[in-house]
Amino acid sequence: MNETPDIRIAGRRTPLDYLFFLRPVLLPPVWTIAILGANAVPFDVLSSTSWRTTAFLLQLGLLFGAVYALNQIYDIESDRQNRKLHFLPEGIITIPAAWRFTIALNATALLLAALIARTRPSGGFGYDYLLLTLAIMALGAVYSAGPSPWKNRPILGLSANILAHGAIVYLLGVAFTGERLTDNLLAALGYVSAVGGVYLMTTIADVPGDQQAGKRTVSVLWGARVAAALAFVLVLATVSLAWVAKDWLLFGCAVLVTPLYLSATLKPVARFASRAAKASVALLSLAAVFVYPSYLLLLAVGFIGTRLFFHWRFRMTYPTLT
């Protein structure tokens, strides 16, 4: 295999490569918002001993793991330029194997969604949970694949991210409890703007590689300053929406990160944008731990496991907290 400069690859392909190909470091934001969605109802349905909660978190991990795997299949060149996600660019996992893995992930996620829908606490079959799962699969497909993928169209790319990672994930948490989605649409809007702000900040760091690969993100087309300013507006919208919805956990997190978004707007460089995005994810994760303490163990295992794997596999420190 051809190695990218400065990347050292240890050993042969192992099953762990497929696990970390799913980008588990990106799963905490998904789990976090889903947990907060489940917490929106007036009774507790999350339990550290509940098989249904385990199935819920596993299903979300497989569902979004498939989305991230599909994205890597179509993003090989930009990932090569940005010196990240080395599994496909370095040939550790082949394209045909990646396709088979992605299909298997989607199929398993659908089966688990049907199981969760069948066992909803309020009785009956949860068609809403199944439909929301299919919606995420569809958004993942149009975002990465097709003749004109949404990832190369700035507004559509932003829309896919805020819908899939914000509103729909939050409503999946609500659907998991068996409550009506229509009673929680206002609360979901706060997570739409929150995710939008984080997404825009993450595009700033990827500008050089995205430009060389021909990707058309907000940061590439309109510049980092515009992207950072839009992200700042979105975090202010999050503060307002969380206040109206009386979502005090989201409100507190948004208020605390607002100064970081302002700093990134005044000086829109990758370092400040990355700090704003990471702080947002970290604070919301702590909010989810507050309502579901067992989640802390999952976060710790995921972070430490990823650090150990990437140090062994690529001799690099990833992920980082700063």
# chains A, B, ... in the order shown; residues from 1 in each chain; ligands from 1

call {"tool": "residues_around", "arguments": {"residues": "A:Pro319", "least_positions_apart": "2", "cutoff": "10 Å", "atoms": "only C-alpha atoms", "output": "number ranges by chain"}}
result
A: 25, 303-304, 306-308, 310-311, 316-317, 321-322

call {"tool": "residues_around", "arguments": {"residues": "A:Phe56", "least_positions_apart": "3", "cutoff": "9 Å", "atoms": "only C-alpha atoms", "output": "ChimeraX atom specification"}}
result
/A:51-53,59-61,112-113,116,173,176

call {"tool": "residues_around", "arguments": {"residues": "stretch 245-258 of chain A", "least_positions_apart": "2", "cutoff": "7 Å", "atoms": "only C-alpha atoms", "output": "list in words"}}
result
Leu186, Ala187, Val235, Thr238, Val239, Leu241, Ala242, Trp243, Leu260, Tyr261, Leu262, Ala276, Ala279, Ser280, Leu283, Leu284 and Ala287 of chain A

call {"tool": "closest_residue", "arguments": {"among": "A:Ser263, A:Leu299, A:Pro121, A:Ser294", "to": "A:Thr177", "atoms": "only C-alpha atoms"}}
result
A:Pro121

call {"tool": "atom_distance", "arguments": {"atom1": "atom CA of A:Asp75", "atom2": "atom CA of A:Arg23"}}
result
13.8 Å
